[in-house]
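Encoded as structure tokens, the structure appears first; notes follow it.
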Amino acid sequence: MTVSTLDWGTTYRVTVLDLGLACCGVEVMTALEGHRPEDLARLGVDPVHAAGEAHVLVVSGTVTDVMLPAVLATYREMPEPRYVLSVGACSNTGGPYWDSYSVTKGIDQVLPVHVAVPGCPPRPEALLEGLAALHRLVS
């Protein structure tokens, strides 16, 4: 993917909050925090650290039934419009833990997921591709 395909920062800006719940969270942090701030700004992505500031919730990693109420509370704190990116096999479907009694079988069962990024774990570039897909969806 080239930067020109993601060069939508001048027309659409997103504030992104990552809920890094497991190993996929490392990949998302690399994508959001590993770049120079001006690179993300050019892409129209502003990482934030509070739900009240975010319009995009990135759920990355295994969502356990114990953690689910906190994920839902975070989503409810976000201002409208709000969007959800599900990143990684565990967040998308429960991953290799799908048959565990304590794992949510995909965050889409409880939240409206707008874009699902596959992989175990997906590369940091996959998150940026997911954000580009979200842009195409809402524009």
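Letters A, B, ... mark the chains of the structure tokens in the order given; residue numbers begin at 1 per chain; ligand numbers begin at 1, in order shown.
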Practice item. Please give the complete set of residues from segment 20-123 of chain A that DSSP, run on the backbone, assigns to helix (DSSP H, G or I), formatted as a ChimeraX atom specification. Key: /A:23-33,37-43,51-53,68-77,89-93,95-97,107-109
Within 9 Å of segment 19-32 of chain A using only C-alpha atoms, minus same-chain residues under 4 positions, as a PDB file with C-alpha atoms, in the first residue's frame:
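The resulting file, selection35.pdb, is shown below:
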ATOM      1  CA  PRO A  37       3.301  12.081  14.704  1.00  0.00           C
ATOM      2  CA  LEU A  40      -0.083   9.829  11.208  1.00  0.00           C
ATOM      3  CA  VAL A  45      -5.133   9.670  12.276  1.00  0.00           C
ATOM      4  CA  ASP A  46      -4.905  11.143  15.769  1.00  0.00           C
ATOM      5  CA  PRO A  47      -4.292   8.551  18.507  1.00  0.00           C
ATOM      6  CA  LEU A  57     -12.455   2.256  18.858  1.00  0.00           C
ATOM      7  CA  VAL A  58      -9.856  -0.342  17.926  1.00  0.00           C
ATOM      8  CA  VAL A  59     -10.506  -3.607  19.751  1.00  0.00           C
ATOM      9  CA  SER A  60      -7.390  -5.711  19.377  1.00  0.00           C
ATOM     10  CA  GLY A  61      -6.833  -9.038  21.053  1.00  0.00           C
ATOM     11  CA  THR A  62      -8.778 -11.552  23.076  1.00  0.00           C
ATOM     12  CA  VAL A  63     -11.963 -10.183  24.642  1.00  0.00           C
ATOM     13  CA  MET A  67     -13.247  -7.743  30.225  1.00  0.00           C
ATOM     14  CA  VAL A  71     -15.085  -2.675  26.542  1.00  0.00           C
ATOM     15  CA  VAL A  87      -8.243  -6.270  14.860  1.00  0.00           C
ATOM     16  CA  GLY A  88      -7.013  -9.848  14.886  1.00  0.00           C
ATOM     17  CA  ALA A  89      -8.504 -13.302  14.944  1.00  0.00           C
ATOM     18  CA  CYS A  90      -9.277 -13.246  18.677  1.00  0.00           C
ATOM     19  CA  SER A  91     -11.263 -10.030  18.526  1.00  0.00           C
ATOM     20  CA  GLY A 119      -4.637 -11.987  11.086  1.00  0.00           C
ATOM     21  CA  CYS A 120      -2.939 -13.570  14.053  1.00  0.00           C
ATOM     22  CA  PRO A 121      -1.534 -11.060  14.629  1.00  0.00           C
ATOM     23  CA  PRO A 122      -2.045  -8.711  11.697  1.00  0.00           C
ATOM     24  CA  ARG A 123       0.890  -6.523  10.716  1.00  0.00           C
ATOM     25  CA  PRO A 124       0.818  -2.831  11.679  1.00  0.00           C
ATOM     26  CA  GLU A 125       0.197  -1.933   8.035  1.00  0.00           C
ATOM     27  CA  ALA A 126      -3.018  -3.950   8.175  1.00  0.00           C
ATOM     28  CA  LEU A 127      -4.417  -1.532  10.754  1.00  0.00           C
ATOM     29  CA  LEU A 128      -3.677   1.379   8.443  1.00  0.00           C
TER      30      LEU A 128
END
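Proximity to Val66 of chain A at 12 Å, evaluated using only C-alpha atoms and with sequence-adjacent residues fewer than 6 positions away removed, yields A:Leu21, A:Leu72, A:Tyr101, A:Ser102, A:Val103, A:Thr104.
Using only C-alpha atoms, the contacts of Tyr83 of chain A at a cut-off of 7 Å, with sequence neighbours closer than 3 positions omitted, comprise His55, Val56, Leu57 and His114 of chain A.
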How would the residues just picked look written out with N, CA, C and O atoms as a PDB file, in the first residue's frame?
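Full text of result12.pdb as output:
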ATOM      1  N   HIS A  55     -13.375   8.736  18.215  1.00  0.00           N
ATOM      2  CA  HIS A  55     -14.501   8.385  17.350  1.00  0.00           C
ATOM      3  C   HIS A  55     -14.327   6.983  16.762  1.00  0.00           C
ATOM      4  O   HIS A  55     -15.268   6.426  16.228  1.00  0.00           O
ATOM      5  N   VAL A  56     -13.116   6.442  16.863  1.00  0.00           N
ATOM      6  CA  VAL A  56     -12.840   5.090  16.372  1.00  0.00           C
ATOM      7  C   VAL A  56     -12.274   4.276  17.529  1.00  0.00           C
ATOM      8  O   VAL A  56     -11.267   4.657  18.130  1.00  0.00           O
ATOM      9  N   LEU A  57     -12.926   3.180  17.833  1.00  0.00           N
ATOM     10  CA  LEU A  57     -12.455   2.256  18.858  1.00  0.00           C
ATOM     11  C   LEU A  57     -11.823   1.060  18.160  1.00  0.00           C
ATOM     12  O   LEU A  57     -12.469   0.401  17.347  1.00  0.00           O
ATOM     13  N   HIS A 114     -17.455  -2.104  12.186  1.00  0.00           N
ATOM     14  CA  HIS A 114     -17.505  -1.524  10.851  1.00  0.00           C
ATOM     15  C   HIS A 114     -16.442  -2.120   9.933  1.00  0.00           C
ATOM     16  O   HIS A 114     -16.666  -2.265   8.741  1.00  0.00           O
TER      17      HIS A 114
END
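What separates atom CA of Leu137 of chain A from atom CA of Leu43 of chain A is a distance of 16.0 Å.
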May I have all residues of chain A that DSSP, computed from the backbone, assigns to strand (DSSP E), given as an mmCIF file with N, CA, C and O atoms, in the first residue's frame?
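Below you can see out-v7.cif, which holds the result:
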data_model
loop_
_atom_site.group_PDB
_atom_site.id
_atom_site.type_symbol
_atom_site.label_atom_id
_atom_site.label_comp_id
_atom_site.auth_asym_id
_atom_site.auth_seq_id
_atom_site.Cartn_x
_atom_site.Cartn_y
_atom_site.Cartn_z
ATOM 1 N N VAL A 14 -9.592 11.219 11.932
ATOM 2 C CA VAL A 14 -10.181 10.305 12.903
ATOM 3 C C VAL A 14 -9.344 10.312 14.177
ATOM 4 O O VAL A 14 -8.124 10.372 14.134
ATOM 5 N N THR A 15 -10.035 10.276 15.294
ATOM 6 C CA THR A 15 -9.381 10.105 16.585
ATOM 7 C C THR A 15 -9.568 8.649 16.973
ATOM 8 O O THR A 15 -10.679 8.127 16.958
ATOM 9 N N VAL A 16 -8.474 7.988 17.286
ATOM 10 C CA VAL A 16 -8.461 6.542 17.456
ATOM 11 C C VAL A 16 -8.035 6.186 18.875
ATOM 12 O O VAL A 16 -7.015 6.671 19.370
ATOM 13 N N LEU A 17 -8.817 5.325 19.520
ATOM 14 C CA LEU A 17 -8.488 4.778 20.830
ATOM 15 C C LEU A 17 -8.291 3.278 20.675
ATOM 16 O O LEU A 17 -9.164 2.587 20.153
ATOM 17 N N ASP A 18 -7.133 2.790 21.127
ATOM 18 C CA ASP A 18 -6.841 1.361 21.040
ATOM 19 C C ASP A 18 -7.091 0.699 22.378
ATOM 20 O O ASP A 18 -6.585 1.139 23.399
ATOM 21 N N LEU A 19 -7.900 -0.360 22.360
ATOM 22 C CA LEU A 19 -8.032 -1.241 23.514
ATOM 23 C C LEU A 19 -7.182 -2.469 23.221
ATOM 24 O O LEU A 19 -7.661 -3.454 22.665
ATOM 25 N N GLY A 20 -5.908 -2.392 23.533
ATOM 26 C CA GLY A 20 -4.985 -3.490 23.281
ATOM 27 C C GLY A 20 -5.108 -4.541 24.361
ATOM 28 O O GLY A 20 -4.558 -4.382 25.439
ATOM 29 N N VAL A 45 -4.942 10.513 11.101
ATOM 30 C CA VAL A 45 -5.133 9.670 12.276
ATOM 31 C C VAL A 45 -4.537 10.361 13.494
ATOM 32 O O VAL A 45 -3.364 10.723 13.493
ATOM 33 N N ASP A 46 -5.357 10.561 14.510
ATOM 34 C CA ASP A 46 -4.905 11.143 15.769
ATOM 35 C C ASP A 46 -5.153 10.139 16.884
ATOM 36 O O ASP A 46 -6.289 9.970 17.326
ATOM 37 N N PRO A 47 -4.093 9.450 17.373
ATOM 38 C CA PRO A 47 -4.292 8.551 18.507
ATOM 39 C C PRO A 47 -4.635 9.353 19.761
ATOM 40 O O PRO A 47 -4.047 10.401 20.013
ATOM 41 N N VAL A 56 -13.116 6.442 16.863
ATOM 42 C CA VAL A 56 -12.840 5.090 16.372
ATOM 43 C C VAL A 56 -12.274 4.276 17.529
ATOM 44 O O VAL A 56 -11.267 4.657 18.130
ATOM 45 N N LEU A 57 -12.926 3.180 17.833
ATOM 46 C CA LEU A 57 -12.455 2.256 18.858
ATOM 47 C C LEU A 57 -11.823 1.060 18.160
ATOM 48 O O LEU A 57 -12.469 0.401 17.347
ATOM 49 N N VAL A 58 -10.555 0.813 18.468
ATOM 50 C CA VAL A 58 -9.856 -0.342 17.926
ATOM 51 C C VAL A 58 -9.811 -1.400 19.022
ATOM 52 O O VAL A 58 -9.178 -1.198 20.050
ATOM 53 N N VAL A 59 -10.515 -2.493 18.807
ATOM 54 C CA VAL A 59 -10.506 -3.607 19.751
ATOM 55 C C VAL A 59 -9.543 -4.636 19.191
ATOM 56 O O VAL A 59 -9.794 -5.219 18.143
ATOM 57 N N SER A 60 -8.419 -4.805 19.882
ATOM 58 C CA SER A 60 -7.390 -5.711 19.377
ATOM 59 C C SER A 60 -7.031 -6.722 20.451
ATOM 60 O O SER A 60 -6.670 -6.363 21.555
ATOM 61 N N TYR A 83 -17.190 4.503 15.612
ATOM 62 C CA TYR A 83 -16.936 3.364 14.741
ATOM 63 C C TYR A 83 -16.056 2.370 15.477
ATOM 64 O O TYR A 83 -15.295 2.731 16.374
ATOM 65 N N VAL A 84 -16.144 1.103 15.066
ATOM 66 C CA VAL A 84 -15.359 0.042 15.701
ATOM 67 C C VAL A 84 -14.557 -0.702 14.641
ATOM 68 O O VAL A 84 -15.109 -1.118 13.622
ATOM 69 N N LEU A 85 -13.257 -0.857 14.905
ATOM 70 C CA LEU A 85 -12.389 -1.728 14.123
ATOM 71 C C LEU A 85 -12.034 -2.900 15.011
ATOM 72 O O LEU A 85 -11.556 -2.715 16.130
ATOM 73 N N SER A 86 -12.278 -4.092 14.534
ATOM 74 C CA SER A 86 -11.892 -5.301 15.240
ATOM 75 C C SER A 86 -10.610 -5.802 14.598
ATOM 76 O O SER A 86 -10.581 -6.048 13.389
ATOM 77 N N VAL A 87 -9.553 -5.929 15.399
ATOM 78 C CA VAL A 87 -8.243 -6.270 14.860
ATOM 79 C C VAL A 87 -7.781 -7.611 15.409
ATOM 80 O O VAL A 87 -7.646 -7.771 16.622
ATOM 81 N N VAL A 115 -15.273 -2.440 10.497
ATOM 82 C CA VAL A 115 -14.195 -3.059 9.723
ATOM 83 C C VAL A 115 -13.526 -4.104 10.605
ATOM 84 O O VAL A 115 -13.214 -3.827 11.761
ATOM 85 N N ALA A 116 -13.314 -5.286 10.057
ATOM 86 C CA ALA A 116 -12.587 -6.352 10.749
ATOM 87 C C ALA A 116 -11.272 -6.587 10.015
ATOM 88 O O ALA A 116 -11.267 -6.824 8.812
ATOM 89 N N VAL A 117 -10.176 -6.494 10.742
ATOM 90 C CA VAL A 117 -8.846 -6.711 10.180
ATOM 91 C C VAL A 117 -8.405 -8.123 10.571
ATOM 92 O O VAL A 117 -8.235 -8.404 11.756
#
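Candidate residues A:Thr74, A:Ala51, A:Thr64, A:Ala133 were compared for distance to Asp99 of chain A, and the nearest is A:Thr64, using only C-alpha atoms.
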Expressed in Å, the length from atom CA of Gly94 of chain A to atom CA of Ile107 of chain A is 8.4 Å
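Pairwise distance (atom CA of Gln109 of chain A, atom CA of Ala54 of chain A) equals 21.4 Å.
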